>>> print(open('structure-v6.txt').read())   # compact mmCIF, N, CA and C atoms
# COMPACT_ATOMS: atom_id res chain seq x y z
N MET A 6 34.85 64.27 77.56
CA MET A 6 36.14 63.67 77.65
C MET A 6 37.18 64.72 77.30
N ASP A 7 38.08 64.91 78.16
CA ASP A 7 39.14 65.91 77.96
C ASP A 7 40.25 65.33 77.10
N ARG A 8 40.77 66.21 76.23
CA ARG A 8 41.94 65.81 75.45
C ARG A 8 43.16 65.92 76.32
N PRO A 9 44.03 64.96 76.19
CA PRO A 9 45.26 65.09 76.98
C PRO A 9 46.08 66.29 76.49
N ASN A 10 46.80 66.87 77.38
CA ASN A 10 47.65 68.01 77.01
C ASN A 10 48.72 67.56 76.04
N ARG A 11 48.89 68.36 75.01
CA ARG A 11 49.95 68.04 74.04
C ARG A 11 51.28 68.49 74.60
N ARG A 12 52.23 67.68 74.32
CA ARG A 12 53.58 68.07 74.71
C ARG A 12 54.10 69.10 73.72
N PRO A 13 54.96 69.98 74.12
CA PRO A 13 55.49 71.02 73.23
C PRO A 13 56.13 70.44 71.96
N LEU A 14 56.73 69.29 72.03
CA LEU A 14 57.38 68.69 70.86
C LEU A 14 56.37 68.39 69.77
N THR A 15 55.22 67.83 70.12
CA THR A 15 54.24 67.46 69.10
C THR A 15 53.50 68.68 68.55
N ILE A 16 53.52 69.79 69.21
CA ILE A 16 52.83 70.98 68.73
C ILE A 16 53.52 71.52 67.47
N TRP A 17 54.81 71.46 67.39
CA TRP A 17 55.51 72.03 66.23
C TRP A 17 55.94 70.98 65.20
N VAL A 18 55.78 69.68 65.48
CA VAL A 18 56.21 68.65 64.54
C VAL A 18 55.39 68.67 63.25
N ARG A 19 54.09 68.74 63.35
CA ARG A 19 53.25 68.73 62.14
C ARG A 19 53.51 69.95 61.25
N PRO A 20 53.50 71.16 61.79
CA PRO A 20 53.80 72.31 60.92
C PRO A 20 55.20 72.24 60.32
N ALA A 21 56.17 71.78 61.10
CA ALA A 21 57.54 71.68 60.58
C ALA A 21 57.62 70.63 59.47
N ALA A 22 56.93 69.53 59.63
CA ALA A 22 56.92 68.49 58.59
C ALA A 22 56.26 69.02 57.33
N SER A 23 55.18 69.78 57.47
CA SER A 23 54.51 70.36 56.31
C SER A 23 55.42 71.32 55.57
N VAL A 24 56.12 72.16 56.29
CA VAL A 24 57.05 73.11 55.67
C VAL A 24 58.17 72.35 54.96
N ALA A 25 58.67 71.30 55.56
CA ALA A 25 59.75 70.51 54.95
C ALA A 25 59.29 69.85 53.65
N VAL A 26 58.08 69.33 53.62
CA VAL A 26 57.56 68.70 52.40
C VAL A 26 57.40 69.74 51.29
N VAL A 27 56.85 70.90 51.61
CA VAL A 27 56.69 71.96 50.62
C VAL A 27 58.06 72.40 50.11
N ALA A 28 59.04 72.53 50.98
CA ALA A 28 60.39 72.93 50.56
C ALA A 28 61.01 71.88 49.64
N LEU A 29 60.83 70.62 49.94
CA LEU A 29 61.36 69.56 49.08
C LEU A 29 60.72 69.58 47.69
N VAL A 30 59.44 69.77 47.64
CA VAL A 30 58.74 69.80 46.36
C VAL A 30 59.18 71.01 45.54
N ALA A 31 59.36 72.16 46.17
CA ALA A 31 59.73 73.38 45.46
C ALA A 31 61.23 73.45 45.16
N SER A 32 62.03 72.67 45.85
CA SER A 32 63.48 72.75 45.73
C SER A 32 64.03 72.63 44.31
N PRO A 33 63.65 71.64 43.51
CA PRO A 33 64.21 71.56 42.16
C PRO A 33 63.90 72.79 41.31
N ALA A 34 62.72 73.34 41.43
CA ALA A 34 62.36 74.52 40.65
C ALA A 34 63.16 75.74 41.10
N LEU A 35 63.36 75.88 42.39
CA LEU A 35 64.10 77.02 42.91
C LEU A 35 65.59 76.93 42.57
N ARG A 36 66.13 75.71 42.55
CA ARG A 36 67.55 75.52 42.26
C ARG A 36 67.83 75.37 40.76
N GLN A 37 66.79 75.31 39.92
CA GLN A 37 66.94 75.09 38.49
C GLN A 37 67.75 73.82 38.21
N ARG A 38 67.41 72.77 38.93
CA ARG A 38 68.11 71.50 38.79
C ARG A 38 67.09 70.38 38.76
N ASP A 39 67.21 69.52 37.76
CA ASP A 39 66.31 68.39 37.66
C ASP A 39 66.88 67.25 38.50
N SER A 40 66.04 66.63 39.31
CA SER A 40 66.54 65.54 40.13
C SER A 40 65.42 64.56 40.44
N TYR A 41 65.81 63.36 40.74
CA TYR A 41 64.87 62.31 41.11
C TYR A 41 64.74 62.32 42.61
N PRO A 42 63.57 62.16 43.18
CA PRO A 42 62.28 61.90 42.58
C PRO A 42 61.50 63.17 42.29
N LEU A 43 62.03 64.31 42.65
CA LEU A 43 61.34 65.57 42.43
C LEU A 43 61.91 66.22 41.18
N SER A 44 61.13 66.27 40.12
CA SER A 44 61.63 66.72 38.83
C SER A 44 60.86 67.92 38.32
N THR A 45 61.57 68.83 37.68
CA THR A 45 60.93 69.99 37.06
C THR A 45 60.67 69.73 35.57
N TYR A 46 61.07 68.59 35.06
CA TYR A 46 60.92 68.24 33.64
C TYR A 46 61.50 69.32 32.73
N PRO A 47 62.78 69.66 32.87
CA PRO A 47 63.35 70.72 32.05
C PRO A 47 63.40 70.37 30.57
N VAL A 48 63.33 69.10 30.24
CA VAL A 48 63.35 68.71 28.83
C VAL A 48 62.18 69.34 28.09
N TYR A 49 61.10 69.63 28.78
CA TYR A 49 59.94 70.24 28.16
C TYR A 49 59.87 71.74 28.41
N ALA A 50 60.73 72.26 29.26
CA ALA A 50 60.61 73.65 29.65
C ALA A 50 61.70 74.55 29.07
N GLU A 51 62.71 73.97 28.45
CA GLU A 51 63.81 74.77 27.92
C GLU A 51 63.74 74.85 26.41
N ALA A 52 64.19 75.97 25.87
CA ALA A 52 64.23 76.14 24.42
C ALA A 52 65.24 75.16 23.82
N ARG A 53 64.89 74.61 22.70
CA ARG A 53 65.76 73.66 22.00
C ARG A 53 66.21 74.30 20.69
N PRO A 54 67.34 73.81 20.16
CA PRO A 54 67.78 74.34 18.87
C PRO A 54 66.78 73.99 17.76
N ALA A 55 66.81 74.76 16.69
CA ALA A 55 65.89 74.54 15.57
C ALA A 55 66.29 73.32 14.74
N THR A 56 67.56 72.93 14.82
CA THR A 56 68.01 71.76 14.05
C THR A 56 68.50 70.68 15.01
N ALA A 57 68.48 69.45 14.51
CA ALA A 57 68.95 68.32 15.31
C ALA A 57 69.58 67.29 14.39
N GLU A 58 70.52 66.53 14.93
CA GLU A 58 71.11 65.42 14.20
C GLU A 58 70.39 64.15 14.61
N LEU A 59 69.83 63.45 13.62
CA LEU A 59 69.05 62.25 13.89
C LEU A 59 69.68 61.04 13.21
N PRO A 60 70.05 60.03 13.98
CA PRO A 60 70.56 58.80 13.38
C PRO A 60 69.40 57.96 12.86
N THR A 61 69.50 57.47 11.64
CA THR A 61 68.41 56.70 11.06
C THR A 61 68.95 55.86 9.91
N ALA A 62 68.05 55.25 9.19
CA ALA A 62 68.39 54.53 7.97
C ALA A 62 67.32 54.85 6.94
N VAL A 63 67.73 54.91 5.69
CA VAL A 63 66.80 55.20 4.60
C VAL A 63 66.94 54.14 3.53
N GLY A 64 65.84 53.91 2.83
CA GLY A 64 65.87 53.02 1.67
C GLY A 64 66.26 53.81 0.44
N VAL A 65 66.92 53.15 -0.50
CA VAL A 65 67.33 53.78 -1.75
C VAL A 65 66.63 53.06 -2.90
N THR A 66 65.98 53.85 -3.78
CA THR A 66 65.28 53.27 -4.94
C THR A 66 66.22 53.24 -6.14
N ALA A 67 65.80 52.57 -7.21
CA ALA A 67 66.59 52.49 -8.44
C ALA A 67 66.81 53.88 -9.04
N ALA A 68 65.88 54.79 -8.81
CA ALA A 68 66.01 56.16 -9.31
C ALA A 68 66.92 57.01 -8.43
N GLY A 69 67.40 56.47 -7.32
CA GLY A 69 68.27 57.20 -6.42
C GLY A 69 67.55 57.99 -5.35
N ASP A 70 66.25 57.84 -5.27
CA ASP A 70 65.47 58.54 -4.23
C ASP A 70 65.69 57.87 -2.88
N ARG A 71 65.69 58.69 -1.83
CA ARG A 71 65.76 58.17 -0.45
C ARG A 71 64.35 58.15 0.10
N ILE A 72 63.95 57.01 0.66
CA ILE A 72 62.62 56.91 1.23
C ILE A 72 62.71 56.48 2.68
N ARG A 73 61.76 56.94 3.46
CA ARG A 73 61.72 56.63 4.89
C ARG A 73 61.34 55.17 5.11
N LEU A 74 62.00 54.57 6.06
CA LEU A 74 61.68 53.22 6.49
C LEU A 74 60.99 53.30 7.84
N SER A 75 60.20 52.30 8.17
CA SER A 75 59.51 52.29 9.46
C SER A 75 60.50 51.96 10.57
N PRO A 76 60.17 52.31 11.81
CA PRO A 76 61.02 51.91 12.93
C PRO A 76 61.21 50.40 12.99
N THR A 77 60.19 49.64 12.63
CA THR A 77 60.29 48.18 12.65
C THR A 77 61.33 47.70 11.64
N ALA A 78 61.35 48.29 10.46
CA ALA A 78 62.34 47.89 9.45
C ALA A 78 63.75 48.29 9.89
N ILE A 79 63.88 49.44 10.51
CA ILE A 79 65.21 49.93 10.91
C ILE A 79 65.74 49.19 12.13
N GLY A 80 64.92 49.09 13.16
CA GLY A 80 65.44 48.58 14.43
C GLY A 80 64.67 47.48 15.08
N ALA A 81 63.78 46.83 14.33
CA ALA A 81 62.99 45.70 14.86
C ALA A 81 62.20 46.09 16.11
N SER A 82 61.69 47.32 16.12
CA SER A 82 60.86 47.81 17.23
C SER A 82 59.91 48.86 16.67
N ASP A 83 58.77 49.03 17.32
CA ASP A 83 57.86 50.08 16.88
C ASP A 83 58.04 51.37 17.69
N ASP A 84 59.05 51.40 18.56
CA ASP A 84 59.33 52.59 19.36
C ASP A 84 60.46 53.39 18.71
N PRO A 85 60.15 54.58 18.17
CA PRO A 85 61.18 55.35 17.46
C PRO A 85 62.37 55.75 18.33
N LEU A 86 62.16 55.97 19.62
CA LEU A 86 63.28 56.34 20.49
C LEU A 86 64.24 55.18 20.69
N ILE A 87 63.70 53.99 20.85
CA ILE A 87 64.54 52.80 20.98
C ILE A 87 65.32 52.57 19.70
N VAL A 88 64.65 52.71 18.57
CA VAL A 88 65.29 52.50 17.28
C VAL A 88 66.40 53.53 17.06
N ALA A 89 66.13 54.80 17.33
CA ALA A 89 67.16 55.85 17.18
C ALA A 89 68.36 55.56 18.06
N ASP A 90 68.11 55.07 19.26
CA ASP A 90 69.20 54.73 20.18
C ASP A 90 70.02 53.56 19.63
N ARG A 91 69.36 52.57 19.07
CA ARG A 91 70.07 51.43 18.48
C ARG A 91 70.94 51.87 17.31
N VAL A 92 70.40 52.74 16.47
CA VAL A 92 71.17 53.23 15.32
C VAL A 92 72.35 54.05 15.81
N ALA A 93 72.13 54.96 16.76
CA ALA A 93 73.21 55.79 17.30
C ALA A 93 74.30 54.92 17.93
N ASP A 94 73.91 53.90 18.69
CA ASP A 94 74.89 53.00 19.30
C ASP A 94 75.70 52.25 18.25
N SER A 95 75.04 51.82 17.18
CA SER A 95 75.74 51.10 16.11
C SER A 95 76.74 52.00 15.40
N ILE A 96 76.34 53.23 15.16
CA ILE A 96 77.24 54.19 14.51
C ILE A 96 78.44 54.47 15.42
N ALA A 97 78.16 54.78 16.67
CA ALA A 97 79.23 55.11 17.62
C ALA A 97 80.17 53.93 17.85
N GLY A 98 79.62 52.72 17.80
CA GLY A 98 80.44 51.53 18.05
C GLY A 98 81.10 50.95 16.81
N GLY A 99 80.96 51.65 15.67
CA GLY A 99 81.58 51.16 14.44
C GLY A 99 80.88 49.94 13.85
N ARG A 100 79.62 49.76 14.18
CA ARG A 100 78.86 48.59 13.68
C ARG A 100 77.77 48.98 12.69
N ALA A 101 77.92 50.12 12.04
CA ALA A 101 76.90 50.59 11.11
C ALA A 101 76.72 49.62 9.94
N GLU A 102 77.80 49.02 9.46
CA GLU A 102 77.72 48.07 8.35
C GLU A 102 76.89 46.84 8.74
N HIS A 103 77.13 46.34 9.93
CA HIS A 103 76.37 45.18 10.42
C HIS A 103 74.89 45.53 10.55
N LEU A 104 74.60 46.71 11.11
CA LEU A 104 73.21 47.15 11.23
C LEU A 104 72.58 47.30 9.86
N CYS A 105 73.32 47.85 8.91
CA CYS A 105 72.81 48.04 7.56
C CYS A 105 72.37 46.72 6.94
N LEU A 106 73.16 45.68 7.10
CA LEU A 106 72.81 44.36 6.55
C LEU A 106 71.54 43.81 7.20
N ALA A 107 71.39 44.03 8.50
CA ALA A 107 70.18 43.57 9.20
C ALA A 107 68.96 44.35 8.72
N ILE A 108 69.14 45.64 8.45
CA ILE A 108 68.02 46.47 7.98
C ILE A 108 67.59 46.02 6.59
N VAL A 109 68.55 45.70 5.74
CA VAL A 109 68.21 45.25 4.38
C VAL A 109 67.25 44.07 4.44
N GLU A 110 67.53 43.11 5.30
CA GLU A 110 66.67 41.93 5.41
C GLU A 110 65.24 42.29 5.79
N ARG A 111 65.08 43.25 6.71
CA ARG A 111 63.73 43.65 7.13
C ARG A 111 63.08 44.60 6.13
N ALA A 112 63.87 45.49 5.54
CA ALA A 112 63.33 46.54 4.68
C ALA A 112 62.78 45.99 3.37
N VAL A 113 63.39 44.93 2.82
CA VAL A 113 62.89 44.41 1.53
C VAL A 113 61.50 43.79 1.69
N VAL A 114 61.17 43.36 2.88
CA VAL A 114 59.82 42.84 3.12
C VAL A 114 58.83 44.00 3.07
N GLU A 115 59.22 45.12 3.69
CA GLU A 115 58.36 46.30 3.76
C GLU A 115 58.30 47.05 2.42
N ARG A 116 59.43 47.16 1.77
CA ARG A 116 59.56 47.92 0.51
C ARG A 116 60.31 47.05 -0.51
N PRO A 117 59.63 46.17 -1.21
CA PRO A 117 60.30 45.21 -2.08
C PRO A 117 61.07 45.81 -3.26
N ARG A 118 60.86 47.07 -3.59
CA ARG A 118 61.53 47.67 -4.75
C ARG A 118 62.81 48.42 -4.39
N LEU A 119 63.28 48.27 -3.20
CA LEU A 119 64.52 48.94 -2.81
C LEU A 119 65.71 48.30 -3.51
N VAL A 120 66.71 49.14 -3.81
CA VAL A 120 67.96 48.61 -4.34
C VAL A 120 69.09 48.71 -3.31
N GLY A 121 68.82 49.43 -2.22
CA GLY A 121 69.83 49.57 -1.18
C GLY A 121 69.29 50.24 0.06
N VAL A 122 70.15 50.26 1.07
CA VAL A 122 69.83 50.90 2.35
C VAL A 122 71.07 51.69 2.77
N GLU A 123 70.85 52.85 3.38
CA GLU A 123 71.93 53.65 3.94
C GLU A 123 71.66 53.90 5.42
N VAL A 124 72.68 53.72 6.24
CA VAL A 124 72.63 54.12 7.65
C VAL A 124 73.23 55.51 7.69
N VAL A 125 72.44 56.48 8.16
CA VAL A 125 72.84 57.88 8.05
C VAL A 125 72.59 58.65 9.34
N THR A 126 73.26 59.78 9.44
CA THR A 126 72.91 60.80 10.43
C THR A 126 72.47 62.00 9.62
N GLU A 127 71.23 62.44 9.85
CA GLU A 127 70.67 63.56 9.11
C GLU A 127 70.53 64.77 10.03
N THR A 128 70.90 65.92 9.51
CA THR A 128 70.67 67.18 10.21
C THR A 128 69.38 67.75 9.65
N VAL A 129 68.37 67.84 10.51
CA VAL A 129 67.05 68.26 10.05
C VAL A 129 66.60 69.54 10.75
N ASP A 130 65.82 70.33 10.03
CA ASP A 130 65.17 71.50 10.59
C ASP A 130 63.88 71.00 11.23
N LEU A 131 63.85 70.94 12.55
CA LEU A 131 62.73 70.34 13.27
C LEU A 131 61.41 71.07 13.03
N VAL A 132 61.46 72.39 12.99
CA VAL A 132 60.23 73.16 12.82
C VAL A 132 59.66 72.94 11.42
N ALA A 133 60.50 73.08 10.40
CA ALA A 133 60.02 72.91 9.03
C ALA A 133 59.51 71.49 8.80
N THR A 134 60.22 70.51 9.33
CA THR A 134 59.80 69.12 9.16
C THR A 134 58.48 68.87 9.88
N ALA A 135 58.31 69.46 11.05
CA ALA A 135 57.05 69.28 11.79
C ALA A 135 55.89 69.92 11.04
N ILE A 136 56.14 71.01 10.36
CA ILE A 136 55.07 71.72 9.65
C ILE A 136 54.66 70.99 8.37
N ASP A 137 55.64 70.64 7.54
CA ASP A 137 55.27 70.06 6.25
C ASP A 137 55.60 68.58 6.10
N GLY A 138 56.45 68.05 6.96
CA GLY A 138 56.78 66.63 6.91
C GLY A 138 57.61 66.22 5.71
N ALA A 139 57.98 67.16 4.86
CA ALA A 139 58.70 66.80 3.64
C ALA A 139 59.98 67.60 3.44
N THR A 140 60.34 68.45 4.39
CA THR A 140 61.55 69.23 4.23
C THR A 140 62.75 68.29 4.25
N PRO A 141 63.58 68.36 3.20
CA PRO A 141 64.73 67.45 3.15
C PRO A 141 65.77 67.83 4.21
N PRO A 142 66.59 66.88 4.61
CA PRO A 142 67.64 67.18 5.59
C PRO A 142 68.60 68.24 5.07
N ALA A 143 69.09 69.07 5.97
CA ALA A 143 70.08 70.09 5.61
C ALA A 143 71.42 69.45 5.31
N ALA A 144 71.70 68.32 5.96
CA ALA A 144 72.96 67.60 5.74
C ALA A 144 72.72 66.12 6.03
N ARG A 145 73.53 65.30 5.40
CA ARG A 145 73.42 63.85 5.61
C ARG A 145 74.83 63.26 5.61
N THR A 146 75.13 62.50 6.65
CA THR A 146 76.39 61.76 6.72
C THR A 146 76.06 60.28 6.58
N VAL A 147 76.61 59.63 5.57
CA VAL A 147 76.36 58.22 5.34
C VAL A 147 77.43 57.42 6.07
N HIS A 148 76.99 56.52 6.95
CA HIS A 148 77.92 55.68 7.72
C HIS A 148 78.09 54.30 7.11
N ALA A 149 77.07 53.84 6.38
CA ALA A 149 77.14 52.53 5.72
C ALA A 149 76.15 52.49 4.58
N ARG A 150 76.53 51.78 3.51
CA ARG A 150 75.64 51.54 2.36
C ARG A 150 75.60 50.04 2.12
N CYS A 151 74.39 49.51 1.92
CA CYS A 151 74.24 48.09 1.66
C CYS A 151 73.32 47.89 0.47
N PRO A 152 73.77 47.17 -0.55
CA PRO A 152 72.88 46.89 -1.68
C PRO A 152 71.91 45.76 -1.31
N VAL A 153 70.77 45.78 -1.94
CA VAL A 153 69.81 44.69 -1.78
C VAL A 153 70.23 43.60 -2.76
N ALA A 154 70.37 42.40 -2.26
CA ALA A 154 70.76 41.28 -3.13
C ALA A 154 69.66 41.01 -4.13
N PRO A 155 70.03 40.78 -5.43
CA PRO A 155 69.00 40.53 -6.45
C PRO A 155 68.28 39.22 -6.25
>>> encode(input="structure-v6.txt", output="structure tokens")
Amino acid sequence: MDRPNRRPLTIWVRPAASVAVVALVASPALRQRDSYPLSTYPVYAEARPATAELPTAVGVTAAGDRIRLSPTAIGASDDPLIVADRVADSIAGGRAEHLCLAIVERAVVERPRLVGVEVVTETVDLVATAIDGATPPAARTVHARCPVAP
């Protein structure tokens, strides 16, 4: 059985389509631009600063120590990114005091010996904190303080 003769148009369509697909896939990397749906994931490929500002909340003990609260106590979620976003939005929107009161209610269940809660933005050394987990923040801005009701 003989194959029918291909028309000239169909002879170059497949190679041209293949070249176009390869060009589309390589395009974001060549242009150094992240785009949907073809992404180079630059968030993982670029150098980041050694320090970062992190919005969070901390518990305060009677001795004045600051202790870490869980994401659930801070933002009623177990996802730290969602919680950080909620805290940042509350700070930016001037609702840090309201958030602080909500955190107190959840935090006393988790840490019954707290005397207060602070909604803060901490400047942390990411490398040192990743290595030892105990490096204190380089700076702390307190946006709201809430005492725990006796």
>>> atom_distance(input="structure-v6.txt", atom1="atom CA of A:Asp70", atom2="atom CA of A:Thr56")
22.7 Å
>>> residues_around(input="structure-v6.txt", residues="A:Val92", least_positions_apart="5", cutoff="9 Å", atoms="only C-alpha atoms", output="ChimeraX atom specification")
/A:60-62,79-80,87,97,101,104,124-125
>>> closest_residue(input="structure-v6.txt", among="A:Ala57, A:Glu123, A:Asp94, A:Val113", to="A:Pro142", atoms="only C-alpha atoms")
A:Ala57
>>> select_by_dssp(input="structure-v6.txt", residues="stretch 13-124 of chain A", states="strand (DSSP E or B)", output="PyMOL selection string")
chain A and resi 56-65+71-73+121-124
>>> select_by_dssp(input="structure-v6.txt", residues="stretch 26-147 of chain A", states="helix (DSSP H, G or I)", output="number ranges by chain")
A: 26-36, 47-50, 76-80, 85-97, 101-115, 131-137
>>> closest_residue(input="structure-v6.txt", among="A:Glu110, A:Gly98, A:Val63, A:Arg116", to="A:Val147", atoms="only C-alpha atoms")
A:Val63
>>> residues_around(input="structure-v6.txt", residues="A:Ala67", least_positions_apart="5", cutoff="6.5 Å", atoms="all atoms listed in the file", output="CSV table (one decimal) with N, CA and C atoms, in the coordinates of the input")
chain,number,residue,atom,x,y,z
A,118,ARG,N,60.9,47.1,-3.6
A,118,ARG,CA,61.5,47.7,-4.8
A,118,ARG,C,62.8,48.4,-4.4
A,119,LEU,N,63.3,48.3,-3.2
A,119,LEU,CA,64.5,48.9,-2.8
A,119,LEU,C,65.7,48.3,-3.5
A,120,VAL,N,66.7,49.1,-3.8
A,120,VAL,CA,68.0,48.6,-4.3
A,120,VAL,C,69.1,48.7,-3.3
>>> axis_aligned_box(input="structure-v6.txt", around="stretch 118-135 of chain A", padding_each_side="4 Å", output="AutoDock Vina command-line options")
--center_x 64.6 --center_y 60.1 --center_z 4.3 --size_x 25.4 --size_y 34.1 --size_z 26.0
>>> atom_distance(input="structure-v6.txt", atom1="atom N of A:Ile96", atom2="atom C of A:Arg53")
24.0 Å
>>> atom_distance(input="structure-v6.txt", atom1="atom CA of A:Ile72", atom2="atom CA of A:Val129")
15.0 Å
